[in-house]
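Dropping work.txt in here (compact mmCIF, C-alpha atoms and all ligand atoms):
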# COMPACT_ATOMS: atom_id res chain seq x y z
CA MET Z 78 0.00 0.00 0.00
CA THR Z 79 1.26 3.47 -0.77
CA ARG Z 80 1.68 5.91 2.06
CA ARG Z 81 -0.97 8.60 1.97
CA PRO Z 82 0.70 11.93 1.20
CA GLY Z 83 0.28 14.27 4.12
CA ARG Z 84 -0.24 11.66 6.83
CA THR Z 85 2.35 13.47 8.92
CA LEU Z 86 1.18 16.91 7.88
CA ARG Z 87 0.05 19.26 10.69
CA ILE Z 88 -1.47 22.72 10.70
CA ALA Z 89 0.54 25.64 12.10
CA GLY Z 90 -0.90 25.72 15.62
CA ASP Z 91 0.54 29.09 16.65
CA ARG Z 92 -0.82 30.70 13.52
CA LEU Z 93 -4.29 29.28 14.19
CA LEU Z 94 -4.30 30.54 17.78
CA ALA Z 95 -3.08 33.97 16.62
CA ALA Z 96 -5.90 34.15 14.05
CA ILE Z 97 -8.44 33.23 16.75
CA ARG Z 98 -7.05 36.01 18.95
CA ASP Z 99 -7.13 38.55 16.11
CA LEU Z 100 -10.70 37.78 15.13
CA GLY Z 101 -11.74 37.66 18.81
CA ALA Z 102 -10.43 41.21 19.24
CA ILE Z 103 -13.07 42.45 16.79
CA GLY Z 104 -16.12 43.10 18.91
CA ALA Z 105 -14.32 42.23 22.16
CA THR Z 106 -16.30 43.27 25.25
CA ALA Z 107 -15.00 44.51 28.60
CA ASP Z 108 -15.78 41.23 30.37
CA GLY Z 109 -13.88 39.02 27.95
CA GLY Z 110 -16.74 38.22 25.59
CA VAL Z 111 -17.30 39.08 21.94
CA THR Z 112 -20.24 40.90 20.37
CA ARG Z 113 -19.96 40.56 16.63
CA LEU Z 114 -23.54 40.27 15.47
CA ALA Z 115 -24.24 39.56 11.83
CA PHE Z 116 -25.03 42.64 9.73
CA THR Z 117 -22.97 45.06 11.84
CA ASP Z 118 -19.73 46.98 11.41
CA GLU Z 119 -17.97 44.44 13.62
CA ASP Z 120 -19.19 41.66 11.36
CA LEU Z 121 -17.88 43.55 8.33
CA ARG Z 122 -14.47 43.95 9.97
CA GLY Z 123 -14.38 40.27 10.93
CA ARG Z 124 -15.41 39.28 7.43
CA LYS Z 125 -12.58 41.36 5.96
CA LEU Z 126 -10.07 39.63 8.25
CA VAL Z 127 -11.33 36.19 7.23
CA HIS Z 128 -11.35 37.15 3.57
CA ASP Z 129 -7.73 38.34 3.81
CA LEU Z 130 -6.71 35.14 5.60
CA MET Z 131 -8.33 33.11 2.83
CA VAL Z 132 -6.37 35.05 0.22
CA GLY Z 133 -3.19 34.50 2.26
CA ALA Z 134 -3.96 30.79 2.33
CA GLY Z 135 -3.96 30.73 -1.47
CA LEU Z 136 -7.74 30.38 -1.83
CA GLN Z 137 -9.72 31.96 -4.66
CA THR Z 138 -12.31 34.05 -2.85
CA ARG Z 139 -15.76 35.33 -3.64
CA ILE Z 140 -18.77 36.61 -1.73
CA ASP Z 141 -21.94 34.94 -2.94
CA SER Z 142 -25.31 36.67 -3.26
CA ALA Z 143 -26.28 35.52 0.27
CA ALA Z 144 -23.09 37.17 1.61
CA ASN Z 145 -21.41 33.88 2.42
CA ILE Z 146 -17.62 34.17 2.03
CA ILE Z 147 -16.27 31.31 -0.06
CA GLY Z 148 -12.60 30.37 -0.51
CA TYR Z 149 -12.03 27.88 -3.31
CA ARG Z 150 -9.13 25.59 -4.12
CA PRO Z 151 -9.15 23.53 -7.32
CA GLY Z 152 -8.70 19.79 -7.14
CA GLN Z 153 -6.79 17.45 -9.39
CA ARG Z 154 -10.11 16.11 -10.64
CA GLN Z 155 -12.40 18.96 -11.59
CA ASP Z 156 -15.12 16.41 -12.43
CA LEU Z 157 -15.51 15.65 -8.73
CA PRO Z 158 -17.94 17.61 -6.55
CA VAL Z 159 -16.56 20.03 -3.97
CA LEU Z 160 -15.45 18.98 -0.51
CA MET Z 161 -16.80 21.77 1.69
CA LEU Z 162 -15.54 22.95 5.09
CA GLY Z 163 -17.03 25.78 7.10
CA SER Z 164 -18.80 27.44 9.99
CA HIS Z 165 -19.72 31.03 10.89
CA ILE Z 166 -17.99 34.10 12.36
CA ASP Z 167 -20.99 35.98 13.74
CA THR Z 168 -21.64 35.74 17.48
CA VAL Z 169 -24.55 36.09 19.89
CA PRO Z 170 -24.56 39.27 22.03
CA ASN Z 171 -21.63 38.98 24.46
CA GLY Z 172 -20.80 35.45 23.34
CA GLY Z 173 -17.39 33.82 23.09
CA ALA Z 174 -14.52 34.04 20.61
CA LEU Z 175 -14.70 30.39 19.52
CA ASP Z 176 -18.30 29.54 18.61
CA GLY Z 177 -18.16 29.37 14.81
CA ALA Z 178 -14.98 31.43 14.38
CA TYR Z 179 -12.84 28.44 15.37
CA GLY Z 180 -14.27 26.24 12.62
CA VAL Z 181 -13.79 28.87 9.91
CA LEU Z 182 -10.24 29.79 10.93
CA ALA Z 183 -9.21 26.15 11.30
CA ALA Z 184 -10.60 25.36 7.84
CA VAL Z 185 -8.60 28.25 6.35
CA GLU Z 186 -5.52 26.93 8.16
CA VAL Z 187 -6.14 23.45 6.73
CA ALA Z 188 -6.22 24.89 3.20
CA ARG Z 189 -3.05 26.82 3.94
CA ALA Z 190 -1.24 23.72 5.20
CA LEU Z 191 -2.21 21.84 2.04
CA ASN Z 192 -0.94 24.68 -0.14
CA GLU Z 193 2.27 25.19 1.78
CA HIS Z 194 3.11 21.51 1.43
CA GLY Z 195 2.06 21.33 -2.20
CA ILE Z 196 -0.58 18.69 -1.58
CA LEU Z 197 -3.16 18.56 -4.32
CA LEU Z 198 -6.39 16.82 -3.39
CA SER Z 199 -8.44 14.96 -5.95
CA HIS Z 200 -11.51 16.94 -4.84
CA PRO Z 201 -11.88 20.69 -5.23
CA LEU Z 202 -12.09 22.26 -1.76
CA ALA Z 203 -14.30 25.14 -0.59
CA VAL Z 204 -13.99 26.90 2.76
CA VAL Z 205 -17.16 28.77 3.69
CA ALA Z 206 -17.81 31.44 6.32
CA PHE Z 207 -21.61 31.27 6.44
CA ASN Z 208 -23.53 34.50 6.85
CA ASN Z 209 -25.66 35.07 9.98
CA GLU Z 210 -25.74 31.68 11.68
CA GLU Z 211 -26.94 33.09 14.99
CA GLY Z 212 -30.02 34.89 13.67
CA ALA Z 213 -29.02 38.46 14.63
CA PHE Z 214 -31.72 40.97 15.58
CA GLY Z 215 -34.45 38.32 15.50
CA THR Z 216 -33.75 37.26 11.90
CA ARG Z 217 -33.83 33.65 10.76
CA GLY Z 218 -30.75 31.77 11.93
CA MET Z 219 -28.38 29.90 9.59
CA TRP Z 220 -29.38 32.43 6.96
CA GLY Z 221 -26.47 31.90 4.58
CA ALA Z 222 -26.67 28.12 4.84
CA HIS Z 223 -30.41 28.20 4.13
CA ALA Z 224 -29.69 30.32 1.06
CA MET Z 225 -27.14 27.77 -0.16
CA VAL Z 226 -29.65 24.93 -0.09
CA GLY Z 227 -32.40 27.03 -1.70
CA ALA Z 228 -34.56 27.10 1.43
CA LEU Z 229 -35.23 30.86 1.54
CA ASP Z 230 -38.09 32.69 -0.07
CA GLU Z 231 -39.10 36.29 -0.68
CA SER Z 232 -40.41 36.69 2.87
CA ASP Z 233 -36.93 36.00 4.25
CA LEU Z 234 -35.74 39.08 2.37
CA THR Z 235 -38.67 41.39 2.99
CA ALA Z 236 -38.86 40.50 6.70
CA ALA Z 237 -37.69 43.32 8.94
CA ASP Z 238 -35.29 42.71 11.79
CA ASP Z 239 -35.98 43.80 15.38
CA ARG Z 240 -34.84 47.30 14.46
CA GLY Z 241 -37.28 47.50 11.54
CA ARG Z 242 -34.62 47.12 8.85
CA PRO Z 243 -35.45 44.80 5.90
CA VAL Z 244 -33.04 41.88 5.64
CA ALA Z 245 -32.53 42.66 1.94
CA ASP Z 246 -30.88 45.98 2.89
CA LEU Z 247 -28.66 44.30 5.48
CA LEU Z 248 -27.59 41.72 2.96
CA THR Z 249 -26.56 44.38 0.46
CA GLU Z 250 -24.42 46.06 3.11
CA MET Z 251 -22.58 42.78 3.61
CA GLY Z 252 -21.77 42.45 -0.09
CA GLY Z 253 -24.70 40.15 -0.94
CA ASP Z 254 -27.20 40.62 -3.75
CA PRO Z 255 -30.82 40.13 -2.69
CA GLY Z 256 -32.04 40.25 -6.29
CA ARG Z 257 -29.96 37.20 -7.20
CA LEU Z 258 -30.38 34.96 -4.21
CA ASP Z 259 -30.87 31.97 -6.50
CA GLN Z 260 -27.22 32.25 -7.53
CA ALA Z 261 -26.16 31.28 -4.01
CA VAL Z 262 -27.87 27.87 -4.33
CA TRP Z 263 -25.76 24.70 -4.63
CA ALA Z 264 -27.22 21.53 -6.11
CA ALA Z 265 -26.85 18.25 -4.25
CA ASP Z 266 -24.48 16.88 -6.87
CA GLU Z 267 -22.12 19.85 -6.49
CA VAL Z 268 -21.12 19.06 -2.89
CA ALA Z 269 -19.37 15.78 -2.17
CA ALA Z 270 -19.39 16.18 1.61
CA TYR Z 271 -19.32 18.86 4.32
CA PHE Z 272 -17.14 18.86 7.44
CA GLU Z 273 -17.59 21.34 10.30
CA LEU Z 274 -15.22 21.68 13.25
CA HIS Z 275 -16.73 23.33 16.33
CA ILE Z 276 -16.30 23.62 20.07
CA GLU Z 277 -18.67 21.22 21.85
CA GLN Z 278 -20.49 23.97 23.79
CA GLY Z 279 -21.47 21.30 26.34
CA PRO Z 280 -19.72 19.37 29.12
CA VAL Z 281 -19.49 15.82 27.76
CA LEU Z 282 -15.95 15.72 26.35
CA GLU Z 283 -14.36 17.62 29.23
CA SER Z 284 -16.06 15.55 31.90
CA GLY Z 285 -15.06 12.32 30.15
CA ASN Z 286 -11.52 13.61 29.58
CA VAL Z 287 -11.90 12.89 25.86
CA ARG Z 288 -10.11 15.00 23.23
CA ILE Z 289 -12.33 14.66 20.17
CA GLY Z 290 -16.09 14.36 19.67
CA VAL Z 291 -17.52 12.64 16.60
CA VAL Z 292 -21.03 14.03 16.23
CA GLU Z 293 -23.73 11.47 15.47
CA ALA Z 294 -26.71 13.82 15.03
CA ILE Z 295 -27.66 17.48 15.46
CA THR Z 296 -30.78 18.38 17.38
CA GLY Z 297 -33.78 19.95 15.64
CA ARG Z 298 -34.91 23.46 16.54
CA SER Z 299 -38.17 25.32 16.27
CA THR Z 300 -38.65 29.01 16.99
CA LEU Z 301 -41.89 30.91 17.56
CA ASP Z 302 -42.52 34.65 17.74
CA VAL Z 303 -45.00 35.55 20.46
CA THR Z 304 -46.56 39.03 20.77
CA VAL Z 305 -48.63 39.93 23.82
CA ARG Z 306 -50.87 42.99 23.50
CA GLY Z 307 -52.33 44.47 26.67
CA LYS Z 308 -53.02 48.10 27.47
CA ALA Z 309 -50.40 50.62 28.51
CA SER Z 310 -51.69 52.78 31.37
CA HIS Z 311 -50.57 54.77 34.39
CA ALA Z 312 -48.79 52.60 36.96
CA GLY Z 313 -49.99 54.79 39.82
CA THR Z 314 -53.63 55.24 38.94
CA THR Z 315 -54.74 52.03 37.20
CA PRO Z 316 -56.34 49.71 39.77
CA MET Z 317 -54.95 46.17 39.72
CA GLU Z 318 -58.24 44.60 38.68
CA LEU Z 319 -58.54 46.90 35.66
CA ARG Z 320 -55.10 46.25 34.21
CA GLN Z 321 -54.28 44.47 30.99
CA ASP Z 322 -50.61 44.06 31.80
CA ALA Z 323 -48.75 42.53 28.85
CA LEU Z 324 -45.70 41.66 30.94
CA VAL Z 325 -47.70 39.79 33.58
CA ALA Z 326 -49.25 37.73 30.76
CA ALA Z 327 -45.80 37.24 29.18
CA ALA Z 328 -44.45 35.94 32.49
CA GLN Z 329 -47.09 33.22 32.43
CA VAL Z 330 -46.19 32.36 28.84
CA ILE Z 331 -42.54 32.02 29.87
CA LEU Z 332 -43.46 29.55 32.62
CA ALA Z 333 -45.61 27.59 30.16
CA VAL Z 334 -42.62 27.42 27.79
CA ARG Z 335 -40.36 26.14 30.58
CA ASP Z 336 -42.86 23.37 31.32
CA LEU Z 337 -42.76 22.16 27.71
CA ALA Z 338 -39.46 20.51 28.64
CA GLY Z 339 -38.50 18.39 31.59
CA ARG Z 340 -40.42 15.64 33.33
CA ASN Z 341 -43.85 16.31 31.85
CA GLY Z 342 -42.88 18.12 28.70
CA PRO Z 343 -42.65 16.77 25.17
CA VAL Z 344 -39.30 18.40 24.24
CA ARG Z 345 -35.73 18.16 25.55
CA VAL Z 346 -35.23 21.89 26.17
CA ALA Z 347 -37.44 24.98 25.83
CA THR Z 348 -36.32 28.61 26.27
CA VAL Z 349 -37.48 32.20 26.06
CA GLY Z 350 -34.18 34.01 25.53
CA SER Z 351 -35.33 37.20 23.93
CA LEU Z 352 -37.96 39.62 25.13
CA SER Z 353 -38.77 43.28 24.63
CA LEU Z 354 -41.46 45.40 26.13
CA ALA Z 355 -43.07 48.72 25.37
CA PRO Z 356 -43.18 51.37 26.48
CA ASN Z 357 -40.59 50.00 28.97
CA ALA Z 358 -40.91 52.74 31.53
CA TRP Z 359 -41.00 52.23 35.30
CA ASN Z 360 -44.25 54.15 35.75
CA VAL Z 361 -46.27 52.64 32.90
CA VAL Z 362 -48.12 49.30 32.92
CA PRO Z 363 -46.54 47.40 29.99
CA GLY Z 364 -48.66 47.52 26.84
CA ILE Z 365 -46.80 45.21 24.43
CA VAL Z 366 -44.32 42.39 24.91
CA THR Z 367 -42.63 40.48 22.11
CA MET Z 368 -40.55 37.39 22.72
CA GLN Z 369 -38.96 34.48 20.89
CA VAL Z 370 -39.41 30.89 21.98
CA ASP Z 371 -36.74 28.26 21.17
CA LEU Z 372 -37.74 24.57 21.31
CA ARG Z 373 -35.24 21.76 20.67
CA ASP Z 374 -35.55 18.04 20.22
CA VAL Z 375 -34.42 15.32 17.86
CA SER Z 376 -38.06 14.51 17.18
CA GLU Z 377 -40.06 16.73 14.82
CA SER Z 378 -43.34 15.45 16.23
CA ALA Z 379 -42.26 16.29 19.79
CA MET Z 380 -41.60 19.88 18.68
CA ARG Z 381 -44.96 20.05 16.89
CA GLN Z 382 -46.70 18.66 19.97
CA ALA Z 383 -44.97 21.24 22.18
CA ALA Z 384 -45.93 24.11 19.87
CA ALA Z 385 -49.56 22.94 19.81
CA ARG Z 386 -49.66 22.64 23.61
CA LEU Z 387 -48.18 26.12 23.97
CA ARG Z 388 -50.79 27.60 21.63
CA GLY Z 389 -53.56 26.05 23.76
CA GLU Z 390 -52.08 27.38 27.00
CA ILE Z 391 -51.60 30.80 25.46
CA LEU Z 392 -55.32 31.01 24.68
CA GLU Z 393 -56.08 30.43 28.35
CA ILE Z 394 -53.45 32.94 29.50
CA ALA Z 395 -54.87 35.57 27.14
CA MET Z 396 -58.37 35.05 28.53
CA ARG Z 397 -57.17 35.15 32.13
CA THR Z 398 -55.13 38.33 31.68
CA GLY Z 399 -57.37 40.28 29.31
CA THR Z 400 -54.64 40.42 26.66
CA ALA Z 401 -54.42 39.36 23.02
CA ILE Z 402 -51.56 36.99 22.33
CA ASP Z 403 -50.41 36.21 18.86
CA VAL Z 404 -48.11 33.29 17.94
CA ALA Z 405 -46.42 33.54 14.56
CA GLY Z 406 -43.33 33.09 12.47
CA GLN Z 407 -42.60 29.50 13.22
CA ASN Z 408 -39.24 28.53 11.76
CA SER Z 409 -37.90 25.08 12.19
CA VAL Z 410 -34.70 23.31 11.34
CA PRO Z 411 -35.07 19.54 11.49
CA ALA Z 412 -32.66 17.27 13.31
CA VAL Z 413 -30.13 15.55 11.06
CA SER Z 414 -27.88 12.54 11.36
CA CYS Z 415 -24.23 12.75 10.49
CA ASP Z 416 -23.07 10.45 7.72
CA LEU Z 417 -21.69 7.12 8.93
CA GLY Z 418 -18.85 7.13 6.39
CA LEU Z 419 -17.76 10.62 7.44
CA ARG Z 420 -17.99 9.67 11.11
CA ASP Z 421 -15.66 6.84 10.31
CA VAL Z 422 -13.24 9.15 8.50
CA ILE Z 423 -13.18 11.52 11.53
CA ALA Z 424 -12.67 8.67 14.01
CA ALA Z 425 -9.81 7.29 11.90
CA ALA Z 426 -8.25 10.77 11.74
CA GLY Z 427 -8.43 11.03 15.54
CA GLU Z 428 -6.85 7.62 15.94
CA SER Z 429 -4.04 8.46 13.53
CA LEU Z 430 -3.23 11.40 15.82
CA ASN Z 431 -3.52 9.29 19.00
CA LEU Z 432 -6.45 11.34 20.23
CA SER Z 433 -9.21 9.73 22.25
CA HIS Z 434 -12.66 10.14 20.73
CA LEU Z 435 -16.27 9.72 21.64
CA THR Z 436 -19.48 9.68 19.62
CA LEU Z 437 -22.05 12.19 20.89
CA PRO Z 438 -25.08 14.22 19.77
CA SER Z 439 -25.07 18.01 19.34
CA GLY Z 440 -27.59 19.99 21.36
CA ALA Z 441 -26.60 23.21 19.60
CA GLY Z 442 -27.61 24.07 16.07
CA HIS Z 443 -25.01 24.32 13.30
CA ASP Z 444 -24.78 25.33 9.65
CA ALA Z 445 -24.04 21.64 9.03
CA GLN Z 446 -27.63 20.66 9.72
CA VAL Z 447 -28.84 22.84 6.87
CA ILE Z 448 -26.09 21.78 4.47
CA GLY Z 449 -27.15 18.23 5.38
CA ARG Z 450 -30.09 18.72 2.99
CA ILE Z 451 -27.74 18.62 -0.01
CA ALA Z 452 -24.70 16.68 1.18
CA PRO Z 453 -23.48 14.11 3.71
CA ILE Z 454 -22.18 15.94 6.78
CA GLY Z 455 -19.55 15.21 9.41
CA MET Z 456 -18.90 17.25 12.57
CA ILE Z 457 -15.88 17.29 14.85
CA PHE Z 458 -16.09 18.65 18.41
CA VAL Z 459 -13.35 19.70 20.83
CA PRO Z 460 -13.88 20.13 24.60
CA SER Z 461 -15.37 23.32 26.03
CA ARG Z 462 -14.23 24.34 29.51
CA GLY Z 463 -17.12 23.88 31.90
CA GLY Z 464 -19.34 23.15 28.91
CA ILE Z 465 -20.03 26.89 28.66
CA SER Z 466 -20.78 28.72 25.41
CA HIS Z 467 -22.83 31.71 24.22
CA ALA Z 468 -21.18 33.53 27.12
CA PRO Z 469 -17.89 35.36 27.76
CA GLU Z 470 -16.58 32.39 29.80
CA GLU Z 471 -16.50 30.22 26.67
CA HIS Z 472 -13.02 28.68 26.44
CA SER Z 473 -11.16 25.71 24.99
CA ALA Z 474 -7.52 24.85 25.62
CA GLY Z 475 -5.06 25.83 22.87
CA ASP Z 476 -3.85 22.24 22.58
CA ASP Z 477 -7.40 21.04 22.03
CA LEU Z 478 -8.04 23.70 19.39
CA ILE Z 479 -4.88 22.68 17.53
CA ALA Z 480 -5.70 18.97 17.89
CA GLY Z 481 -9.20 19.54 16.46
CA ALA Z 482 -7.78 21.41 13.47
CA ASN Z 483 -5.36 18.55 12.81
CA VAL Z 484 -8.28 16.11 12.95
CA LEU Z 485 -10.04 18.29 10.36
CA LEU Z 486 -6.91 18.25 8.18
CA GLN Z 487 -6.52 14.48 8.45
CA SER Z 488 -10.25 14.02 7.82
CA VAL Z 489 -9.95 16.01 4.60
CA LEU Z 490 -7.00 13.88 3.49
CA GLY Z 491 -8.69 10.67 4.61
CA TYR Z 492 -11.94 11.60 2.86
CA ASP Z 493 -10.16 12.53 -0.35
CA GLU Z 494 -8.28 9.27 -0.41
CA ARG Z 495 -11.32 7.15 0.38
CA TYR Z 496 -13.90 8.83 -1.85
CA ALA Z 497 -11.98 10.00 -4.92
CA ASN Z 498 -13.03 7.08 -7.06
C1 LIG F 1 -26.62 28.10 17.54
O1 LIG F 1 -25.70 28.71 18.06
C2 LIG F 1 -27.66 27.58 18.35
O2 LIG F 1 -28.54 28.36 18.72
O3 LIG F 1 -27.60 26.40 18.71
MN MN F 2 -23.82 29.81 18.58
MN MN F 3 -21.81 27.93 16.24

Conversion result in structure tokens:
Amino acid sequence: MTRRPGRTLRIAGDRLLAAIRDLGAIGATADGGVTRLAFTDEDLRGRKLVHDLMVGAGLQTRIDSAANIIGYRPGQRQDLPVLMLGSHIDTVPNGGALDGAYGVLAAVEVARALNEHGILLSHPLAVVAFNNEEGAFGTRGMWGAHAMVGALDESDLTAADDRGRPVADLLTEMGGDPGRLDQAVWAADEVAAYFELHIEQGPVLESGNVRIGVVEAITGRSTLDVTVRGKASHAGTTPMELRQDALVAAAQVILAVRDLAGRNGPVRVATVGSLSLAPNAWNVVPGIVTMQVDLRDVSESAMRQAAARLRGEILEIAMRTGTAIDVAGQNSVPAVSCDLGLRDVIAAAGESLNLSHLTLPSGAGHDAQVIGRIAPIGMIFVPSRGGISHAPEEHSAGDDLIAGANVLLQSVLGYDERYAN
């Protein structure tokens, strides 16, 4: 048997960690977090840094009409579909420096290592920084990935964000082209496979003292927009029995959401993480509350059951509190399984690097689960300290970050060798 070229190849660990630090400085907050929401100046600055790194890695870059940044590297066999690597660089408000950014920067570093060592893959390679994974300002999450699989429609462009700005305008500011969204779509036969490297964002690997996670499936997610309309009135003069307090009603909705998960609930987890109220003044009974509900489970029917139960309970809450409560804008991303062949490739890559590995599910959502509609997907996790993410305390050890990137590199090589024919 011939030795696979690149079996001893490693990414430049120091360079990867430096790139993570540089990107993490864009939008850095006083308490060690990062706020780099999609469609903001910080996002634009981060995107420029990633674009420049892609160019430096020898990739041919372009920004597609959905404002995804794509770095392309030809393969030896241009008849083969593209092997795609990626993740996102936008963050939640005051999130961490690693969620998403790590996977993009490591993928760029993988391409750079291949170029620096003159290794030509059979497959063409594409590194993608997906636009707006986190759903900034109440917009649909995994926006760029949805565009790539042709799952967006006109309403995704005309919809206004929380600040009242149409998404189409935001997209243009990021270098996208809302009038040509169809040009961002990839057909199933154009993508051979998709690998995404990510921090675990949960405690399993750290608590088991395991270096690498091989993801078996990604949880499904369903989001609902709830608007409670009561009546704003004077907080000093409106008797309690005459109030139509939207926030008191919203509080009951929040408790009903919590009870959709847990011992008697149909879904694994249920959260209200975003809420705004008007007029939001200490001496006015709240008139309007809007909030977003996030339901997650591997079972579609469990999420449907939870949404139906919530709608029923909301009717009762509205009657009890004299408010009108509207539930709308349901967006769901189904659970997906990772491809068995790709899981095997990742596990073999881990073994070749003497890294312990464990198969586990992902409770967080990822661009991979959308790309899974057009291609087999594989996901690699590295340990997260304390299992914390979407918070400034998010952290992974440098050695683990480097190890994960080397697993990605060896997975690319292993995939290319195994699937080129
Ligand atoms: C993505 O970050 C998610 O919400 O799981
Ligand atoms: Mn995230
Ligand atoms: Mn992420």

### Query
Given a cut-off of 6 Å, what residues near ligand MN 3 (chain F) show up using only C-alpha atoms and all ligand atoms, put as a list in words?
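Protein and nucleic-acid residues within 6 Å of ligand MN 3 (chain F): Asp176, Gly177 and His443 of chain Z.
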
How would the residues just chosen look if you wrote them out with C-alpha atoms as a PDB file, keeping the file's coordinate frame?
ATOM      1  CA  ASP Z 176     -18.300  29.540  18.610  1.00  0.00           C
ATOM      2  CA  GLY Z 177     -18.160  29.370  14.810  1.00  0.00           C
ATOM      3  CA  HIS Z 443     -25.010  24.320  13.300  1.00  0.00           C
TER       4      HIS Z 443
END

Each chain Z residue no farther than 9 Å from ligand LIG 1 (chain F), nearest pair in Å, only C-alpha atoms and all ligand atoms, as JSON lines:
{"residue": "Z:Thr168", "atom": "CA", "partner": "F:LIG1", "partner_atom": "O1", "distance": 8.1}
{"residue": "Z:Val169", "atom": "CA", "partner": "F:LIG1", "partner_atom": "O1", "distance": 7.7}
{"residue": "Z:Asp176", "atom": "CA", "partner": "F:LIG1", "partner_atom": "O1", "distance": 7.5}
{"residue": "Z:Gly177", "atom": "CA", "partner": "F:LIG1", "partner_atom": "O1", "distance": 8.2}
{"residue": "Z:Glu210", "atom": "CA", "partner": "F:LIG1", "partner_atom": "C1", "distance": 6.9}
{"residue": "Z:Glu211", "atom": "CA", "partner": "F:LIG1", "partner_atom": "O1", "distance": 5.5}
{"residue": "Z:Gly212", "atom": "CA", "partner": "F:LIG1", "partner_atom": "O2", "distance": 8.4}
{"residue": "Z:Gly218", "atom": "CA", "partner": "F:LIG1", "partner_atom": "C1", "distance": 7.9}
{"residue": "Z:Met219", "atom": "CA", "partner": "F:LIG1", "partner_atom": "C1", "distance": 8.3}
{"residue": "Z:Thr296", "atom": "CA", "partner": "F:LIG1", "partner_atom": "O3", "distance": 8.7}
{"residue": "Z:Arg298", "atom": "CA", "partner": "F:LIG1", "partner_atom": "O3", "distance": 8.2}
{"residue": "Z:Asp371", "atom": "CA", "partner": "F:LIG1", "partner_atom": "O2", "distance": 8.6}
{"residue": "Z:Ser439", "atom": "CA", "partner": "F:LIG1", "partner_atom": "O3", "distance": 8.8}
{"residue": "Z:Gly440", "atom": "CA", "partner": "F:LIG1", "partner_atom": "O3", "distance": 6.9}
{"residue": "Z:Ala441", "atom": "CA", "partner": "F:LIG1", "partner_atom": "O3", "distance": 3.5}
{"residue": "Z:Gly442", "atom": "CA", "partner": "F:LIG1", "partner_atom": "O3", "distance": 3.5}
{"residue": "Z:His443", "atom": "CA", "partner": "F:LIG1", "partner_atom": "C1", "distance": 5.9}
{"residue": "Z:Asp444", "atom": "CA", "partner": "F:LIG1", "partner_atom": "C1", "distance": 8.6}
{"residue": "Z:Ser466", "atom": "CA", "partner": "F:LIG1", "partner_atom": "O1", "distance": 8.8}
{"residue": "Z:His467", "atom": "CA", "partner": "F:LIG1", "partner_atom": "O1", "distance": 7.4}

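Counting from atom CA of Z:Ala96, the distance to atom CA of Z:Ala184 is 11.7 Å.
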
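With only C-alpha atoms taken into account, the protein and nucleic acid residues at most 8 Å from Z:Arg150 (excluding it and anything under 6 positions from it in its own chain) are Gly135, Leu136, Gln137, Ala188, Pro201, Leu202 and Ala203 of chain Z.
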
### Query
Leaving out Z:His200 and any residue of its chain fewer than 6 positions from it, which residues lie within 12 Å of it when counting all atoms listed in the file, given as a ChimeraX atom specification?
/Z:149-161,267-270,489-498

### Task
Name the residues in contact with Z:Ala383 at a cut-off of 6 Å, using all atoms listed in the file, excluding same-chain residues fewer than 3 positions from it; report them as a PyMOL selection string.
chain Z and resi 343+380+386
